[in-house]
$ cat my_file09.cif   # mmCIF, C-alpha atoms
data_work
#
loop_
_atom_site.label_atom_id
_atom_site.label_comp_id
_atom_site.auth_asym_id
_atom_site.auth_seq_id
_atom_site.Cartn_x
_atom_site.Cartn_y
_atom_site.Cartn_z
CA MET A 1 93.64 196.03 85.40
CA LEU A 2 94.93 193.03 83.39
CA ASP A 3 93.55 192.78 79.86
CA LEU A 4 93.20 189.07 79.08
CA SER A 5 92.67 189.72 75.41
CA LYS A 6 96.11 191.19 75.20
CA ARG A 7 97.93 188.34 77.00
CA SER A 8 100.02 186.40 74.53
CA PHE A 9 101.19 182.81 74.39
CA TRP A 10 103.75 182.05 71.72
CA HIS A 11 102.62 185.11 69.86
CA PHE A 12 98.90 184.10 70.19
CA THR A 13 96.57 186.05 72.35
CA LEU A 14 94.08 184.27 74.56
CA LYS A 15 91.27 185.42 72.31
CA ASP A 16 92.99 183.84 69.32
CA ILE A 17 93.43 180.57 71.20
CA LEU A 18 89.75 180.46 72.21
CA ILE A 19 88.71 181.11 68.61
CA ILE A 20 90.94 178.27 67.38
CA ILE A 21 89.66 175.86 70.02
CA SER A 22 86.02 176.62 69.30
CA SER A 23 86.51 176.28 65.57
CA VAL A 24 88.09 172.82 66.03
CA ALA A 25 85.87 171.49 68.89
CA ILE A 26 82.57 172.09 67.15
CA PRO A 27 83.35 169.89 64.12
CA ILE A 28 84.84 167.23 66.39
CA ALA A 29 81.71 167.19 68.54
CA LEU A 30 79.53 167.00 65.47
CA ALA A 31 81.62 164.13 64.12
CA ILE A 32 81.39 162.23 67.40
CA TYR A 33 77.66 162.75 67.57
CA THR A 34 77.23 161.66 64.00
CA SER A 35 79.39 158.56 64.57
CA ILE A 36 77.43 157.55 67.67
CA GLY A 37 74.14 158.10 65.93
CA SER A 38 75.30 156.12 62.91
CA GLN A 39 76.50 153.26 65.12
CA GLN A 40 73.17 153.15 66.94
CA GLN A 41 71.29 153.15 63.66
CA LYS A 42 73.51 150.33 62.41
CA GLN A 43 72.86 148.29 65.55
CA GLN A 44 69.14 148.88 65.24
CA ALA A 45 69.25 147.84 61.60
CA GLU A 46 71.20 144.67 62.48
CA LYS A 47 68.70 143.80 65.22
CA LYS A 48 65.81 144.33 62.85
CA GLN A 49 67.51 142.26 60.17
CA LYS A 50 68.20 139.45 62.65
CA PHE A 51 64.62 139.56 63.89
CA ASP A 52 63.26 139.45 60.36
CA LEU A 53 65.58 136.55 59.52
CA GLU A 54 64.45 134.61 62.59
CA GLN A 55 60.84 135.26 61.73
CA SER A 56 61.30 134.13 58.15
CA THR A 57 63.19 131.03 59.33
CA GLN A 58 60.46 130.14 61.79
CA LEU A 59 57.83 130.73 59.13
CA ARG A 60 59.77 128.52 56.73
CA GLN A 61 60.10 125.76 59.35
CA GLN A 62 56.41 125.91 60.16
CA THR A 63 55.53 125.83 56.47
CA LEU A 64 57.67 122.71 55.96
CA TYR A 65 56.09 121.08 58.99
CA ASP A 66 52.54 121.87 57.83
CA GLU A 67 53.29 120.63 54.31
CA PHE A 68 54.62 117.35 55.67
CA LEU A 69 51.54 116.81 57.83
CA ASN A 70 49.33 117.60 54.85
CA ASN A 71 51.21 115.11 52.65
CA ILE A 72 50.96 112.38 55.29
CA TYR A 73 47.23 113.08 55.64
CA LYS A 74 46.75 112.67 51.89
CA LEU A 75 48.77 109.44 51.81
CA ASP A 76 46.78 108.05 54.72
CA LYS A 77 43.49 109.09 53.11
CA ASP A 78 44.43 107.40 49.84
CA GLY A 79 45.56 104.20 51.56
CA TYR A 80 49.29 104.59 50.88
CA LEU A 81 50.17 103.94 54.54
CA ASN A 82 48.65 100.45 54.64
CA ASP A 83 50.81 97.35 55.09
CA THR A 84 50.14 96.39 51.48
CA LYS A 85 52.14 99.44 50.31
CA ASN A 86 55.43 98.27 51.84
CA PRO A 87 58.10 99.78 51.52
CA TRP A 88 56.04 103.01 51.61
CA ALA A 89 58.34 104.89 49.22
CA PHE A 90 56.23 108.05 48.93
CA ALA A 91 55.90 108.53 52.67
CA ASN A 92 59.64 108.09 53.22
CA ALA A 93 60.48 110.43 50.34
CA TYR A 94 58.32 113.20 51.83
CA TYR A 95 59.81 112.65 55.28
CA ARG A 96 63.46 112.62 54.27
CA ALA A 97 63.13 115.67 52.03
CA ALA A 98 61.59 117.68 54.89
CA HIS A 99 63.87 116.23 57.58
CA ARG A 100 67.01 117.67 55.96
CA GLN A 101 65.56 121.21 56.29
CA TRP A 102 64.00 121.01 59.76
CA ASP A 103 65.56 122.40 62.89
CA THR A 104 66.01 120.27 66.01
CA ILE A 105 62.66 121.40 67.47
CA ARG A 106 60.66 120.22 64.43
CA LYS A 107 62.64 116.99 64.24
CA ALA A 108 61.62 116.18 67.82
CA ASP A 109 58.00 117.18 67.19
CA VAL A 110 57.79 114.99 64.08
CA ILE A 111 59.20 111.96 65.91
CA GLN A 112 56.44 112.28 68.50
CA PHE A 113 53.84 112.66 65.75
CA LEU A 114 55.11 109.58 63.88
CA LYS A 115 54.96 107.52 67.08
CA GLU A 116 51.43 108.66 67.91
CA LYS A 117 50.35 107.89 64.32
CA GLN A 118 51.98 104.42 64.65
CA LEU A 119 54.28 105.07 61.70
CA ILE A 120 57.31 104.19 63.83
CA GLY A 121 57.68 101.91 66.86
CA ARG A 122 54.74 99.75 65.75
CA ASN A 123 55.81 96.73 67.79
CA ASN A 124 54.39 96.01 71.21
CA CYS A 125 56.98 96.80 73.90
CA THR A 126 54.65 97.44 76.82
CA ASN A 127 56.50 94.96 79.05
CA GLY A 128 59.94 95.98 77.80
CA CYS A 129 60.99 93.53 75.10
CA ARG A 130 59.39 93.28 71.66
CA THR A 131 56.54 90.78 71.41
CA THR A 132 55.76 91.39 67.72
CA LYS A 133 57.79 91.99 64.58
CA LEU A 134 56.42 94.78 62.40
CA ASP A 135 58.38 97.03 60.05
CA ASP A 136 58.30 100.78 60.66
CA ILE A 137 56.44 102.63 57.91
CA ILE A 138 58.74 105.67 58.23
CA ARG A 139 62.42 104.71 58.46
CA LEU A 140 64.70 106.85 60.63
CA ASN A 141 67.91 105.06 59.71
CA GLU A 142 70.94 107.00 58.44
CA LEU A 143 69.48 110.42 59.40
CA ASN A 144 70.89 113.20 61.55
CA PHE A 145 69.35 113.90 64.96
CA ASP A 146 72.24 115.79 66.57
CA LYS A 147 71.21 118.03 69.50
CA VAL A 148 67.60 116.81 69.41
CA HIS A 149 65.81 117.13 72.74
CA LEU A 150 63.06 114.55 73.31
CA ALA A 151 61.36 115.20 76.62
CA SER A 152 58.10 114.47 78.39
CA GLU A 153 55.91 117.52 78.93
CA THR A 154 54.91 116.26 82.39
CA GLY A 155 58.32 114.97 83.48
CA ILE A 156 58.27 111.93 85.74
CA LEU A 157 54.46 111.88 85.81
CA ASN A 158 54.11 110.52 82.25
CA LYS A 159 57.09 109.37 80.22
CA LEU A 160 57.35 110.20 76.54
CA ASN A 161 56.32 107.10 74.61
CA LEU A 162 59.13 106.07 72.23
CA GLN A 163 58.85 102.34 72.81
CA CYS A 164 60.22 100.01 70.11
CA VAL A 165 61.40 102.89 67.91
CA SER A 166 64.34 101.94 65.66
CA PHE A 167 67.08 104.59 65.71
CA ASP A 168 69.44 102.33 63.75
CA LYS A 169 72.47 103.95 62.08
CA VAL A 170 71.52 107.48 63.13
CA SER A 171 73.72 110.29 64.39
CA MET A 172 72.53 111.59 67.77
CA SER A 173 75.51 113.45 69.14
CA ASN A 174 74.65 115.70 72.11
CA ALA A 175 70.99 114.64 72.05
CA ILE A 176 68.91 114.54 75.25
CA PHE A 177 66.21 112.06 76.30
CA SER A 178 64.34 113.36 79.34
CA PHE A 179 61.83 111.04 81.01
CA ALA A 180 61.38 108.97 77.84
CA SER A 181 60.20 105.38 77.63
CA LEU A 182 62.62 103.68 75.23
CA ASN A 183 61.70 100.10 76.07
CA GLY A 184 62.67 97.79 73.23
CA ALA A 185 64.21 100.66 71.25
CA SER A 186 67.11 99.93 68.91
CA PHE A 187 70.20 102.10 68.42
CA ASP A 188 72.24 99.55 66.44
CA GLY A 189 75.09 100.94 64.36
CA GLY A 190 74.49 104.51 65.54
CA ARG A 191 76.60 107.34 66.90
CA LEU A 192 75.41 108.51 70.32
CA GLU A 193 78.33 110.63 71.43
CA ASN A 194 77.65 112.65 74.61
CA VAL A 195 73.96 111.69 74.62
CA LYS A 196 72.16 112.13 77.94
CA PHE A 197 69.44 109.77 79.18
CA ASP A 198 67.73 111.50 82.09
CA GLY A 199 65.18 109.47 84.06
CA SER A 200 64.44 107.28 81.04
CA SER A 201 63.51 103.61 80.72
CA LEU A 202 65.69 101.44 78.45
CA LEU A 203 64.31 97.97 79.16
CA CYS A 204 65.54 95.47 76.53
CA ALA A 205 67.04 98.30 74.44
CA SER A 206 69.63 97.21 71.87
CA PHE A 207 73.05 98.84 71.45
CA ASN A 208 74.91 96.74 68.87
CA GLY A 209 77.97 98.33 67.28
CA VAL A 210 77.21 101.77 68.77
CA TYR A 211 79.66 104.59 69.56
CA LEU A 212 78.63 105.65 73.07
CA SER A 213 81.60 107.73 74.16
CA GLY A 214 80.66 110.25 76.85
CA VAL A 215 77.07 109.01 77.19
CA ASP A 216 75.39 109.82 80.51
CA PHE A 217 72.78 107.25 81.55
CA GLY A 218 71.88 109.25 84.65
CA ASN A 219 69.28 107.43 86.73
CA SER A 220 67.81 105.50 83.77
CA ASP A 221 66.69 101.87 83.98
CA LEU A 222 68.86 99.50 81.87
CA THR A 223 67.24 96.21 82.85
CA GLY A 224 67.72 93.68 80.05
CA ALA A 225 69.50 96.18 77.76
CA GLN A 226 72.10 94.61 75.46
CA PHE A 227 75.46 96.19 74.64
CA LEU A 228 77.34 94.33 71.92
CA ASN A 229 80.56 95.36 70.14
CA SER A 230 80.16 98.95 71.36
CA ASP A 231 82.34 101.72 72.78
CA LEU A 232 81.41 103.07 76.23
CA SER A 233 84.68 104.88 76.88
CA GLY A 234 84.10 107.93 79.07
CA ALA A 235 80.45 107.03 79.62
CA LYS A 236 78.70 107.66 82.92
CA ILE A 237 77.10 104.41 84.08
CA THR A 238 76.66 103.12 87.62
CA GLU A 239 77.55 99.69 88.97
CA ASP A 240 73.86 98.90 89.45
CA GLN A 241 73.16 99.74 85.82
CA ILE A 242 76.04 97.50 84.71
CA LYS A 243 74.49 94.65 86.69
CA GLN A 244 71.12 95.27 85.02
CA ALA A 245 72.39 95.04 81.44
CA TYR A 246 74.23 92.51 79.24
CA PHE A 247 77.68 93.31 77.85
CA HIS A 248 79.77 91.49 75.22
CA ASN A 249 82.93 92.80 73.56
CA VAL A 250 82.32 96.32 74.86
CA THR A 251 84.92 98.98 75.72
CA MET A 252 83.88 99.97 79.21
CA PRO A 253 84.28 103.46 80.77
CA ASN A 254 87.61 102.37 82.29
CA GLU A 255 88.91 101.66 78.73
CA LYS A 256 88.94 97.90 79.37
CA LYS A 257 87.15 95.27 77.34
CA SER A 258 84.11 93.82 79.08
CA GLU A 259 83.79 90.20 80.01
CA ILE A 260 80.54 88.43 79.15
CA THR A 261 78.16 89.65 81.82
CA SER A 262 74.43 89.15 81.82
CA SER A 263 71.62 90.68 83.80
CA THR A 264 69.50 88.82 86.34
CA THR A 265 66.56 88.87 83.96
CA THR A 266 68.56 87.17 81.22
CA LYS A 267 69.75 84.45 83.59
CA GLU A 268 66.22 83.71 84.76
CA THR A 269 65.05 83.41 81.15
CA ILE A 270 67.84 80.97 80.33
CA THR A 271 67.02 78.88 83.43
CA LYS A 272 63.34 78.68 82.48
CA THR A 273 64.23 77.62 78.93
CA THR A 274 66.56 74.90 80.20
CA THR A 275 63.85 73.55 82.51
CA ILE A 276 61.35 73.36 79.66
CA ILE A 277 63.84 71.54 77.41
CA LYS A 278 64.66 69.02 80.15
CA THR A 279 60.97 68.39 80.75
CA LYS A 280 60.35 67.77 77.06
CA MET A 281 63.34 65.42 76.85
CA SER A 282 62.10 63.54 79.91
CA THR A 283 58.66 63.08 78.34
CA ALA A 284 60.22 61.80 75.11
CA SER A 285 62.35 59.34 77.09
CA LEU A 286 59.28 57.97 78.87
CA SER A 287 57.37 57.50 75.62
CA SER A 288 60.20 55.42 74.10
CA SER A 289 61.16 53.41 77.20
CA THR A 290 59.42 50.20 76.03
CA SER A 291 61.23 50.06 72.68
CA THR A 292 64.57 50.85 74.35
CA ILE A 293 64.22 47.97 76.82
CA SER A 294 63.25 45.58 74.01
CA THR A 295 66.25 46.57 71.92
CA THR A 296 68.63 46.15 74.83
CA SER A 297 67.28 42.67 75.62
CA SER A 298 67.71 41.46 72.03
CA THR A 299 71.23 42.80 71.95
CA THR A 300 72.18 41.05 75.16
CA THR A 301 70.76 37.72 73.96
CA SER A 302 72.65 37.97 70.68
CA ALA A 303 75.87 38.72 72.47
CA SER A 304 75.54 35.76 74.82
CA SER A 305 74.60 33.29 72.14
CA THR A 306 77.11 34.09 69.40
CA THR A 307 79.77 36.58 68.40
CA SER A 308 80.21 35.47 64.82
CA SER A 309 78.13 34.30 61.93
CA THR A 310 76.41 30.94 62.47
CA THR A 311 74.97 28.82 59.72
CA THR A 312 72.62 25.95 60.53
CA THR A 313 71.39 23.49 57.96
CA THR A 314 68.62 21.07 58.83
CA THR A 315 67.47 18.26 56.58
CA SER A 316 64.46 16.21 57.53
CA THR A 317 62.75 13.39 55.68
CA PRO A 318 59.31 12.82 57.13
CA THR A 319 56.53 10.68 55.78
CA THR A 320 56.00 13.13 52.97
CA PRO A 321 59.17 13.25 50.89
CA SER A 322 60.38 16.76 51.49
CA THR A 323 63.68 18.32 52.24
CA THR A 324 63.89 21.51 54.28
CA THR A 325 67.05 23.52 54.37
CA SER A 326 67.15 26.48 56.74
CA THR A 327 70.04 28.91 56.81
CA SER A 328 70.11 31.55 59.54
CA THR A 329 72.78 34.21 59.74
CA THR A 330 72.92 36.53 62.73
CA THR A 331 75.27 39.45 62.92
CA SER A 332 75.45 41.44 66.13
CA THR A 333 77.21 44.75 66.40
CA SER A 334 77.24 46.78 69.58
CA THR A 335 78.72 50.23 70.11
CA THR A 336 78.93 51.56 73.64
CA THR A 337 78.84 55.36 73.60
CA SER A 338 75.58 56.43 75.06
CA THR A 339 73.31 53.88 73.34
CA THR A 340 73.49 50.26 72.13
CA THR A 341 72.80 49.44 68.49
CA SER A 342 71.78 45.95 67.36
CA THR A 343 71.43 44.80 63.77
CA THR A 344 70.00 41.37 62.90
CA THR A 345 69.94 39.90 59.43
CA SER A 346 68.10 36.60 58.87
CA THR A 347 68.07 34.58 55.65
CA SER A 348 65.90 31.46 55.29
CA THR A 349 65.91 29.07 52.32
CA THR A 350 63.43 26.24 52.05
CA THR A 351 63.64 23.46 49.42
CA THR A 352 60.83 20.94 49.07
CA ALA A 353 61.32 17.73 47.09
CA GLY A 354 58.34 15.48 46.51
CA ASN A 355 55.99 14.16 43.96
CA PRO A 356 56.26 16.31 40.86
CA CYS A 357 52.55 15.97 40.50
#

$ encode --input "my_file09.cif" --output "structure tokens"
Amino acid sequence: MLDLSKRSFWHFTLKDILIIISSVAIPIALAIYTSIGSQQQKQQAEKKQKFDLEQSTQLRQQTLYDEFLNNIYKLDKDGYLNDTKNPWAFANAYYRAAHRQWDTIRKADVIQFLKEKQLIGRNNCTNGCRTTKLDDIIRLNELNFDKVHLASETGILNKLNLQCVSFDKVSMSNAIFSFASLNGASFDGGRLENVKFDGSSLLCASFNGVYLSGVDFGNSDLTGAQFLNSDLSGAKITEDQIKQAYFHNVTMPNEKKSEITSSTTTKETITKTTTIIKTKMSTASLSSSTSTISTTSSTTTSASSTTSSTTTTTTSTPTTPSTTTSTSTTTSTSTTTSTTTSTTTSTSTTTTAGNPC
């Protein structure tokens, strides 16, 4: 019978080989187990650390939000949000200090709060264009709103009310407006790169000097919107939307400069204004028709009677010794452009000679 313990491989018996393998494998297995366990513990620690960081960040954001609301409440209670406190320095200082620390969610929430509190968008834009001229108490200009998502909670059922809000000189790259009413809103001097307007209303909105590269207007309503000195290169806008709005000195999506195009609404407004002006001019013409006819008649008579100065001297000696000298000078000047002008100068000198008594 073969004795395995006595078989040799390179001067090692099988028993020696098994002893060597077992002495090496056990530490290796322990090392692998320890490494895997350590890696899992590290991952768990990282997850816990990330979770704790997120919780502390959220708590910090909520604390900032609550503090801002509390400060606004105190200012309102003490009358510092009245029109007499313009330019509302304290309110804007609180807002800007908190805004720089908020995340995009809180920024969107605060904008909705400010609109509901009538601290922004105070003008009346119910019918689209502004009908009043009131300054916003909280100013949003020159702030960062990148990646902000402003959306209606009920979608198409009720649009988010952001009418007449002034987003002048703000940065809104990659922001989203979903089912928002932006009638009469102003984006003048802002940067709206890759902004998406989804199902929103932009009646009479103003885009003056705005960078709009890559903007997607989706199925939004642009009736009466004005685009002046702006860049729409790469923007997604339909032919119907182009017909709705007014464009002047704008780089269109095809990289060409726009010609002066106006919407149907703008043309109708101009026509109505012209009609009113013509009516007023017609009424004024009727009221001055009598004096115009009289002036024309006197001019015609002067022209037919004389074209130069005429001096007439009359001396009469009636029963009463008196001498009357009358000098009349008539100068007629007519200019035919659209009206006739007549100037008459008359000088009369009378000398009476009689009894010195």

$ atom_distance --input "my_file09.cif" --atom1 "CA of Asp136 in chain A" --atom2 "CA of Ser181 in chain A"
17.7 Å

$ resolve_selection --input "my_file09.cif" --expression "the PyMOL selection byres ((chain A and resi 242-254) around 12)" --output "PyMOL selection string"
chain A and resi 202-217+220-241+255-267

$ closest_atom_pairs --input "my_file09.cif" --of "range 142-185 of chain A" --to "range 96-112 of chain A" --cutoff "10 Å" --atoms "only C-alpha atoms" --output "Markdown table"
| residue | atom | partner | partner_atom | distance |
| --- | --- | --- | --- | --- |
| A:Leu143 | CA | A:Arg96 | CA | 8.2 |
| A:Asn144 | CA | A:Arg100 | CA | 8.1 |
| A:Phe145 | CA | A:Thr104 | CA | 7.3 |
| A:Asp146 | CA | A:Thr104 | CA | 7.7 |
| A:Lys147 | CA | A:Thr104 | CA | 6.7 |
| A:Val148 | CA | A:Thr104 | CA | 5.1 |
| A:His149 | CA | A:Ala108 | CA | 6.5 |
| A:Leu150 | CA | A:Ala108 | CA | 5.9 |
| A:Ala151 | CA | A:Ala108 | CA | 8.9 |
| A:Leu160 | CA | A:Gln112 | CA | 8.4 |
| A:Asn161 | CA | A:Gln112 | CA | 8.0 |
| A:Leu162 | CA | A:Gln112 | CA | 7.7 |
| A:Val165 | CA | A:Ile111 | CA | 9.5 |
| A:Ala175 | CA | A:Thr104 | CA | 9.6 |

$ closest_residue --input "my_file09.cif" --among "A:Ile138, A:Ile28, A:Leu53, A:Leu64" --to "Leu81 in chain A" --atoms "all atoms listed in the file"
A:Ile138

$ atom_distance --input "my_file09.cif" --atom1 "CA of Cys164 in chain A" --atom2 "CA of Ser201 in chain A"
11.7 Å

$ resolve_selection --input "my_file09.cif" --expression "the PyMOL selection byres ((chain A and resi 124) around 10)" --output "PyMOL selection string"
chain A and resi 121-123+125-134+163-164+183-184

$ resolve_selection --input "my_file09.cif" --expression "the PyMOL selection byres ((chain A and resi 139) around 8)" --output "list in words"
Asn92, Ile120, Asp136, Ile137, Ile138, Leu140, Asn141 and Ser166 of chain A
